[in-house]
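Novice: Got work25.pdb for you, PDB, C-alpha atoms:
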```
ATOM      1  CA  MET A  27       0.000   0.000   0.000  1.00  0.00           C
ATOM      2  CA  ASP A  28       2.845   2.375   0.779  1.00  0.00           C
ATOM      3  CA  ASP A  29       4.339   1.580  -2.622  1.00  0.00           C
ATOM      4  CA  LEU A  30       1.061   2.514  -4.300  1.00  0.00           C
ATOM      5  CA  ASN A  31       0.869   5.782  -2.333  1.00  0.00           C
ATOM      6  CA  SER A  32       4.417   6.672  -3.298  1.00  0.00           C
ATOM      7  CA  GLN A  33       3.640   5.953  -6.975  1.00  0.00           C
ATOM      8  CA  ILE A  34       0.562   8.173  -6.793  1.00  0.00           C
ATOM      9  CA  HIS A  35       2.584  10.922  -5.117  1.00  0.00           C
ATOM     10  CA  ASP A  36       5.297  10.650  -7.797  1.00  0.00           C
ATOM     11  CA  ALA A  37       2.698  10.852 -10.581  1.00  0.00           C
ATOM     12  CA  LYS A  38       1.142  14.072  -9.255  1.00  0.00           C
ATOM     13  CA  THR A  39       2.041  17.294 -11.037  1.00  0.00           C
ATOM     14  CA  ASP A  40       4.094  19.704  -9.010  1.00  0.00           C
ATOM     15  CA  GLU A  41       2.348  23.093  -8.714  1.00  0.00           C
ATOM     16  CA  THR A  42       5.516  24.971  -9.656  1.00  0.00           C
ATOM     17  CA  GLU A  43       6.008  22.783 -12.712  1.00  0.00           C
ATOM     18  CA  LEU A  44       2.359  23.267 -13.662  1.00  0.00           C
ATOM     19  CA  SER A  45       2.703  27.046 -13.414  1.00  0.00           C
ATOM     20  CA  LEU A  46       5.773  26.971 -15.644  1.00  0.00           C
ATOM     21  CA  VAL A  47       3.997  24.856 -18.240  1.00  0.00           C
ATOM     22  CA  LEU A  48       0.949  27.127 -18.233  1.00  0.00           C
ATOM     23  CA  LYS A  49       3.130  30.225 -18.639  1.00  0.00           C
ATOM     24  CA  LYS A  50       4.957  28.556 -21.516  1.00  0.00           C
ATOM     25  CA  TYR A  51       1.754  27.806 -23.396  1.00  0.00           C
ATOM     26  CA  ASP A  52       0.330  31.255 -22.689  1.00  0.00           C
ATOM     27  CA  LEU A  53       3.506  32.741 -24.132  1.00  0.00           C
ATOM     28  CA  ASP A  54       3.188  30.558 -27.217  1.00  0.00           C
ATOM     29  CA  GLU A  55      -0.397  31.697 -27.686  1.00  0.00           C
ATOM     30  CA  GLU A  56       0.648  35.325 -27.248  1.00  0.00           C
ATOM     31  CA  LEU A  57       3.400  34.904 -29.834  1.00  0.00           C
ATOM     32  CA  ALA A  58       0.957  33.238 -32.229  1.00  0.00           C
ATOM     33  CA  LEU A  59      -1.410  36.198 -31.906  1.00  0.00           C
ATOM     34  CA  GLU A  60       1.435  38.645 -32.453  1.00  0.00           C
ATOM     35  CA  PHE A  61       2.584  36.731 -35.526  1.00  0.00           C
ATOM     36  CA  SER A  62      -0.976  36.687 -36.845  1.00  0.00           C
ATOM     37  CA  GLU A  63      -1.220  40.475 -36.494  1.00  0.00           C
ATOM     38  CA  ILE A  64       2.129  40.956 -38.247  1.00  0.00           C
ATOM     39  CA  ASP A  65       1.087  38.587 -41.032  1.00  0.00           C
ATOM     40  CA  LYS A  66      -2.189  40.458 -41.497  1.00  0.00           C
ATOM     41  CA  ALA A  67      -0.379  43.809 -41.690  1.00  0.00           C
ATOM     42  CA  PHE A  68       2.090  42.364 -44.196  1.00  0.00           C
ATOM     43  CA  GLN A  69      -0.729  41.074 -46.403  1.00  0.00           C
ATOM     44  CA  GLN A  70      -2.360  44.520 -46.340  1.00  0.00           C
ATOM     45  CA  LEU A  71       0.967  46.050 -47.309  1.00  0.00           C
ATOM     46  CA  GLN A  72       1.257  43.614 -50.225  1.00  0.00           C
ATOM     47  CA  ILE A  73      -2.219  44.617 -51.425  1.00  0.00           C
ATOM     48  CA  LYS A  74      -1.353  48.320 -51.249  1.00  0.00           C
ATOM     49  CA  TYR A  75       1.927  47.733 -53.082  1.00  0.00           C
ATOM     50  CA  GLN A  76       0.177  45.786 -55.838  1.00  0.00           C
ATOM     51  CA  SER A  77      -2.415  48.565 -56.131  1.00  0.00           C
ATOM     52  CA  LEU A  78       0.341  51.146 -56.533  1.00  0.00           C
ATOM     53  CA  LEU A  79       2.019  49.036 -59.215  1.00  0.00           C
ATOM     54  CA  ASN A  80      -1.270  48.659 -61.083  1.00  0.00           C
ATOM     55  CA  THR A  81      -1.956  52.407 -60.852  1.00  0.00           C
ATOM     56  CA  ARG A  82       1.520  53.166 -62.147  1.00  0.00           C
ATOM     57  CA  LYS A  83       1.049  50.784 -65.109  1.00  0.00           C
ATOM     58  CA  PHE A  84      -2.312  52.380 -65.856  1.00  0.00           C
ATOM     59  CA  PHE A  85      -0.894  55.923 -65.926  1.00  0.00           C
ATOM     60  CA  ASN A  86       2.140  54.866 -67.957  1.00  0.00           C
ATOM     61  CA  ASN A  87      -0.055  53.145 -70.551  1.00  0.00           C
ATOM     62  CA  GLY A  88      -2.741  55.831 -70.598  1.00  0.00           C
TER      63      GLY A  88
END
```
What would you get if you wrote out this structure as structure tokens?

Specialist:
Amino acid sequence: MDDLNSQIHDAKTDETELSLVLKKYDLDEELALEFSEIDKAFQQLQIKYQSLLNTRKFFNNG
């Protein structure tokens, strides 16, 4: 019985370890959101750049 109790105790998650793991995943989620915002801004910049190129071609041909 003592062996079983010690195995159960060993299998439990340490609160400090749990906090570290939760912080790690929160950080990953935060970085994913930041990357998503940067990616969105970059896509908008690509659209504006393509629009400028198209406008330039139009005025040069017109």

Novice: Just to confirm, what's the straight-line distance from CA of Leu48 (chain A) to CA of Asp65 (chain A) in Å (one decimal)?

Specialist: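 So the two atoms, CA of Leu48 (chain A) and CA of Asp65 (chain A), lie 25.5 Å apart.
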
Novice: Calculate how many Å separate CA of Glu55 (chain A) from CA of Phe68 (chain A), rounding to one decimal.

Specialist: 19.8 Å

Novice: Quick one: axis-aligned box around all listed atoms of region 42-60 of chain A, 6 Å on every side, centre and edge lengths in Å to one decimal, written as AutoDock Vina command-line options.

Specialist:
```
--center_x 2.3 --center_y 30.7 --center_z -21.1 --size_x 19.4 --size_y 27.9 --size_z 34.8
```

Novice: Kindly add N, CA and C atoms to the incomplete region 27-62 of chain A and provide the output as a tab-separated table (two decimals), keeping the file's coordinate frame.

Specialist:
```
chain	number	residue	atom	x	y	z
A	27	MET	N	0.82	-1.20	0.00
A	27	MET	CA	0.00	0.00	0.00
A	27	MET	C	0.87	1.26	0.00
A	28	ASP	N	1.94	1.23	0.76
A	28	ASP	CA	2.84	2.38	0.78
A	28	ASP	C	3.48	2.59	-0.59
A	29	ASP	N	3.75	1.49	-1.28
A	29	ASP	CA	4.34	1.58	-2.62
A	29	ASP	C	3.36	2.26	-3.58
A	30	LEU	N	2.09	1.90	-3.45
A	30	LEU	CA	1.06	2.51	-4.30
A	30	LEU	C	0.93	4.01	-3.99
A	31	ASN	N	0.95	4.37	-2.72
A	31	ASN	CA	0.87	5.78	-2.33
A	31	ASN	C	2.06	6.57	-2.86
A	32	SER	N	3.24	5.97	-2.80
A	32	SER	CA	4.42	6.67	-3.30
A	32	SER	C	4.34	6.83	-4.82
A	33	GLN	N	3.80	5.84	-5.52
A	33	GLN	CA	3.64	5.95	-6.98
A	33	GLN	C	2.64	7.05	-7.33
A	34	ILE	N	1.56	7.13	-6.57
A	34	ILE	CA	0.56	8.17	-6.79
A	34	ILE	C	1.18	9.54	-6.53
A	35	HIS	N	1.93	9.65	-5.45
A	35	HIS	CA	2.58	10.92	-5.12
A	35	HIS	C	3.58	11.32	-6.21
A	36	ASP	N	4.33	10.37	-6.73
A	36	ASP	CA	5.30	10.65	-7.80
A	36	ASP	C	4.61	11.07	-9.09
A	37	ALA	N	3.41	10.55	-9.34
A	37	ALA	CA	2.70	10.85	-10.58
A	37	ALA	C	2.00	12.21	-10.55
A	38	LYS	N	1.81	12.77	-9.37
A	38	LYS	CA	1.14	14.07	-9.26
A	38	LYS	C	2.00	15.17	-9.87
A	39	THR	N	1.34	16.16	-10.44
A	39	THR	CA	2.04	17.29	-11.04
A	39	THR	C	2.39	18.29	-9.95
A	40	ASP	N	3.64	18.70	-9.95
A	40	ASP	CA	4.09	19.70	-9.01
A	40	ASP	C	3.48	21.05	-9.40
A	41	GLU	N	3.01	21.81	-8.41
A	41	GLU	CA	2.35	23.09	-8.71
A	41	GLU	C	3.28	24.07	-9.41
A	42	THR	N	4.54	24.08	-9.01
A	42	THR	CA	5.52	24.97	-9.66
A	42	THR	C	5.72	24.58	-11.11
A	43	GLU	N	5.84	23.29	-11.34
A	43	GLU	CA	6.01	22.78	-12.71
A	43	GLU	C	4.77	23.12	-13.55
A	44	LEU	N	3.60	22.95	-12.96
A	44	LEU	CA	2.36	23.27	-13.66
A	44	LEU	C	2.30	24.74	-14.03
A	45	SER	N	2.69	25.61	-13.13
A	45	SER	CA	2.70	27.05	-13.41
A	45	SER	C	3.64	27.37	-14.56
A	46	LEU	N	4.81	26.74	-14.56
A	46	LEU	CA	5.77	26.97	-15.64
A	46	LEU	C	5.22	26.52	-16.99
A	47	VAL	N	4.57	25.37	-17.00
A	47	VAL	CA	4.00	24.86	-18.24
A	47	VAL	C	2.89	25.77	-18.74
A	48	LEU	N	2.04	26.23	-17.83
A	48	LEU	CA	0.95	27.13	-18.23
A	48	LEU	C	1.49	28.45	-18.78
A	49	LYS	N	2.53	28.99	-18.15
A	49	LYS	CA	3.13	30.22	-18.64
A	49	LYS	C	3.72	30.01	-20.02
A	50	LYS	N	4.35	28.86	-20.22
A	50	LYS	CA	4.96	28.56	-21.52
A	50	LYS	C	3.89	28.56	-22.61
A	51	TYR	N	2.78	27.87	-22.37
A	51	TYR	CA	1.75	27.81	-23.40
A	51	TYR	C	1.06	29.15	-23.60
A	52	ASP	N	0.91	29.92	-22.54
A	52	ASP	CA	0.33	31.26	-22.69
A	52	ASP	C	1.25	32.12	-23.55
A	53	LEU	N	2.55	31.99	-23.34
A	53	LEU	CA	3.51	32.74	-24.13
A	53	LEU	C	3.42	32.33	-25.60
A	54	ASP	N	3.31	31.03	-25.84
A	54	ASP	CA	3.19	30.56	-27.22
A	54	ASP	C	1.93	31.11	-27.88
A	55	GLU	N	0.85	31.16	-27.14
A	55	GLU	CA	-0.40	31.70	-27.69
A	55	GLU	C	-0.25	33.19	-27.97
A	56	GLU	N	0.43	33.89	-27.06
A	56	GLU	CA	0.65	35.33	-27.25
A	56	GLU	C	1.51	35.57	-28.49
A	57	LEU	N	2.55	34.76	-28.66
A	57	LEU	CA	3.40	34.90	-29.83
A	57	LEU	C	2.64	34.58	-31.12
A	58	ALA	N	1.76	33.59	-31.06
A	58	ALA	CA	0.96	33.24	-32.23
A	58	ALA	C	0.04	34.40	-32.61
A	59	LEU	N	-0.55	35.05	-31.63
A	59	LEU	CA	-1.41	36.20	-31.91
A	59	LEU	C	-0.61	37.35	-32.50
A	60	GLU	N	0.58	37.58	-31.94
A	60	GLU	CA	1.44	38.65	-32.45
A	60	GLU	C	1.85	38.36	-33.90
A	61	PHE	N	2.21	37.11	-34.17
A	61	PHE	CA	2.58	36.73	-35.53
A	61	PHE	C	1.41	36.90	-36.47
A	62	SER	N	0.22	36.55	-36.02
A	62	SER	CA	-0.98	36.69	-36.84
A	62	SER	C	-1.23	38.15	-37.20
```
